[in-house]
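Report on one structure; see the data block that follows.
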Amino acid sequence: MNKFVLRQSLLLLLTATIWGVAFVAQSVGMDYVGPFTFNAVRNLIGAVVLLPCIAFLKKQDGKETQKASDKTLLIGGVSCGVILFIASSFQQFGIKYTTVGKAGFITAMYIVLVPLLGLFFHKKVGLRIWTAVLLAVCGFYLLCMTEGRFSLQPGDFLLLICAIAFSFHILVIDHFSPKVDGVKMSCIQFFTCAALSALCMLFFEKPQMSQILEAWIPILYAGALSCGVAYTLQIVGQKGMNPTVASLILSLESVISLLAGWVILGQKLSTRELFGCAIVFSAIILVQLPEKK
């Protein structure tokens, strides 16, 4: 593995870690505010957090190049923001109507959908990666479907749509990230997602400032770290990486959320769940091994 791939993989692993730990904040925040309100505030915070970073990292480019870059940047940022709005909205509602285990398993199915959708965009996927995907799916089943059976509920369908949307999100980032500034595109996507969430919030929910203030800790964590830091790391970390490999690393979010519950909240893992963790980690290691030429 060369240094570039190792660095990008570590950035994506850090992203998954932040998302995994943020699952607690996301669940607690929903006890105080509605899904659209939560997403609107957290994405607004995520965008605002990035503004000083953009000012600090601002570079002077040629006018013609800058104009072309700005157009691509706007298209990429808005496209990512719309897809992120769809994915996060379905995820928030889905979590309300199904178990946490099913939510983790179904959302993580984007690891299968990314290579399937990638075929339509002429993204080559080798046997080694398909084997890793199969291993990861088996591992997630052991991790999340602790009852040993699979039965669909209304919330499960919402989460399946969420997984499909996140698959497109990864592929859109893969398309635009090499062409534009990742931090700027991330900021635009958060403002877009926040605006769409706020619009739905005003139509379908009755937000109160007192409720938002009561949930300020989980919202701040979800906004500043999960959005502002993690999604930006995703865009930067995906640059130059195979999107299927990236999705496999990012899917560690579900494993890390279980480990965080074990370490932080004292929730013990069963032998079945530990075995599932081992299988998923083996899948991640498999995709990182150098290919024979």
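Identifiers in the structure tokens: chain A, B, ... in order shown; residue index from 1 per chain; ligand index from 1 in order shown.
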Need to verify the contact set: Gly81 (chain A), 10 Å, only C-alpha atoms, exclusion of same-chain residues closer than 4 positions in sequence. Can you return it as number ranges by chain?
A: 43, 75-77, 85-87, 169, 185-196
Report as a ChimeraX atom specification all protein, DNA and RNA residues lying within 12 Å of Ser251 (chain A), evaluated on only C-alpha atoms, omitting residues in the same chain fewer than 6 positions from it.
/A:12-20,104-112,114,133,136-137,139-140,163,166-167,170,234,244-245,257,277,280-281,283-284
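Considering only C-alpha atoms, the residue among A:Lys268, A:Lys124, A:Lys96, A:Arg42 positioned nearest to Ile219 (chain A) is A:Arg42.
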Shell around Ile173 (chain A) at 9 Å using only C-alpha atoms, local window under 5 positions removed, as a PDB file with C-alpha atoms, in the first residue's frame:
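Written output follows (out_23.pdb):
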```pdb
ATOM      1  CA  GLY A  76     -21.091  19.642  -7.181  1.00  0.00           C
ATOM      2  CA  CYS A  80     -24.226  16.625  -2.908  1.00  0.00           C
ATOM      3  CA  PHE A 168     -25.355   8.083  -5.063  1.00  0.00           C
ATOM      4  CA  PRO A 178     -10.891  15.648  -7.954  1.00  0.00           C
ATOM      5  CA  GLN A 234     -15.032  12.136   3.486  1.00  0.00           C
ATOM      6  CA  ILE A 235     -14.732  14.447   0.477  1.00  0.00           C
ATOM      7  CA  GLN A 238     -12.330   9.966  -1.226  1.00  0.00           C
ATOM      8  CA  LYS A 239     -10.205  11.963  -3.673  1.00  0.00           C
ATOM      9  CA  PRO A 243     -15.500   4.502  -4.464  1.00  0.00           C
TER      10      PRO A 243
END
```
Residue among A:Ala230, A:Gln211, A:Leu11, A:Ser89 lying closest to Ala165 (chain A), counting only C-alpha atoms:
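The shortest atom-to-atom distance to Ala165 (chain A) comes from A:Ser89.
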Write out as number ranges by chain the set of residues from region 25-200 of chain A that DSSP, computed on the backbone, places in helix (DSSP H, G or I).
A: 25-29, 35-57, 63-96, 100-107, 110-121, 127-144, 154-176, 182-200
Name all residues at most 12 Å from Phe23 (chain A) (count only C-alpha atoms; drop same-chain ones fewer than 2 positions away) and give them as a short mmCIF file (atom, residue, chain, number, x, y, z; two decimals) with N, CA and C atoms, in the first residue's frame.
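Resulting contents of around.cif:
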```cif
data_model
loop_
_atom_site.label_atom_id
_atom_site.label_comp_id
_atom_site.auth_asym_id
_atom_site.auth_seq_id
_atom_site.Cartn_x
_atom_site.Cartn_y
_atom_site.Cartn_z
N ALA A 16 -15.44 7.61 9.60
CA ALA A 16 -16.34 6.56 10.10
C ALA A 16 -16.40 6.56 11.62
N THR A 17 -15.26 6.85 12.26
CA THR A 17 -15.21 6.89 13.72
C THR A 17 -16.08 8.01 14.28
N ILE A 18 -15.97 9.19 13.67
CA ILE A 18 -16.78 10.33 14.11
C ILE A 18 -18.26 10.04 13.91
N TRP A 19 -18.60 9.48 12.76
CA TRP A 19 -20.01 9.14 12.49
C TRP A 19 -20.52 8.07 13.46
N GLY A 20 -19.67 7.08 13.75
CA GLY A 20 -20.10 6.01 14.64
C GLY A 20 -20.41 6.51 16.04
N VAL A 21 -19.53 7.36 16.57
CA VAL A 21 -19.75 7.93 17.91
C VAL A 21 -20.92 8.91 17.89
N ALA A 25 -25.38 10.85 19.74
CA ALA A 25 -25.88 12.23 19.71
C ALA A 25 -27.11 12.35 18.82
N GLN A 26 -27.09 11.64 17.71
CA GLN A 26 -28.21 11.69 16.77
C GLN A 26 -29.48 11.13 17.41
N SER A 27 -29.34 10.05 18.17
CA SER A 27 -30.50 9.44 18.82
C SER A 27 -31.05 10.32 19.94
N VAL A 28 -30.14 10.87 20.75
CA VAL A 28 -30.55 11.72 21.88
C VAL A 28 -31.23 12.99 21.37
N GLY A 29 -30.69 13.58 20.32
CA GLY A 29 -31.26 14.81 19.78
C GLY A 29 -32.69 14.65 19.31
N MET A 30 -33.02 13.47 18.82
CA MET A 30 -34.38 13.20 18.33
C MET A 30 -35.40 13.17 19.46
N GLN A 91 -33.15 8.65 6.73
CA GLN A 91 -32.49 7.97 7.84
C GLN A 91 -33.11 8.37 9.18
N GLN A 92 -33.33 9.68 9.36
CA GLN A 92 -33.91 10.16 10.62
C GLN A 92 -35.30 9.58 10.85
N ILE A 95 -35.14 5.61 11.48
CA ILE A 95 -34.69 5.23 12.81
C ILE A 95 -35.85 5.28 13.82
N VAL A 100 -32.65 -0.26 16.12
CA VAL A 100 -31.33 0.29 15.82
C VAL A 100 -30.50 -0.72 15.01
N ALA A 103 -31.56 -0.66 11.48
CA ALA A 103 -31.15 0.62 10.89
C ALA A 103 -29.69 0.57 10.47
N GLY A 104 -28.84 0.03 11.34
CA GLY A 104 -27.42 -0.08 11.02
C GLY A 104 -27.16 -1.00 9.84
N PRO A 218 -26.08 17.37 21.75
CA PRO A 218 -26.07 16.43 20.61
C PRO A 218 -26.11 17.13 19.25
N ILE A 219 -26.84 18.25 19.17
CA ILE A 219 -26.90 18.98 17.90
C ILE A 219 -25.55 19.59 17.55
N TYR A 221 -22.57 18.53 18.53
CA TYR A 221 -21.64 17.46 18.14
C TYR A 221 -21.94 17.00 16.72
N ALA A 222 -23.24 16.76 16.45
CA ALA A 222 -23.63 16.29 15.12
C ALA A 222 -23.32 17.33 14.05
N LEU A 225 -18.87 18.27 14.42
CA LEU A 225 -17.99 17.14 14.14
C LEU A 225 -18.52 16.23 13.03
N SER A 226 -19.76 15.73 13.22
CA SER A 226 -20.30 14.78 12.25
C SER A 226 -20.47 15.42 10.87
N GLU A 253 -18.61 2.69 10.24
CA GLU A 253 -19.42 3.52 11.14
C GLU A 253 -20.30 2.65 12.03
N SER A 254 -20.93 1.62 11.45
CA SER A 254 -21.82 0.76 12.23
C SER A 254 -21.05 -0.04 13.28
N VAL A 255 -19.87 -0.53 12.90
CA VAL A 255 -19.05 -1.29 13.85
C VAL A 255 -18.59 -0.39 14.99
N ILE A 256 -18.14 0.80 14.63
CA ILE A 256 -17.62 1.73 15.64
C ILE A 256 -18.72 2.19 16.58
N SER A 257 -19.94 2.34 16.07
CA SER A 257 -21.05 2.74 16.94
C SER A 257 -21.31 1.68 18.01
N LEU A 258 -21.20 0.41 17.63
CA LEU A 258 -21.35 -0.67 18.61
C LEU A 258 -20.20 -0.67 19.61
N LEU A 259 -18.98 -0.48 19.11
CA LEU A 259 -17.81 -0.45 19.99
C LEU A 259 -17.88 0.75 20.93
N ALA A 260 -18.38 1.89 20.42
CA ALA A 260 -18.52 3.08 21.27
C ALA A 260 -19.52 2.83 22.38
N GLY A 261 -20.62 2.14 22.05
CA GLY A 261 -21.59 1.80 23.07
C GLY A 261 -21.01 0.86 24.11
#
```
With distances taken over only C-alpha atoms, the candidate from A:Lys206, A:Leu113, A:Gly118, A:Gly94 nearest Pro154 (chain A) is A:Gly94
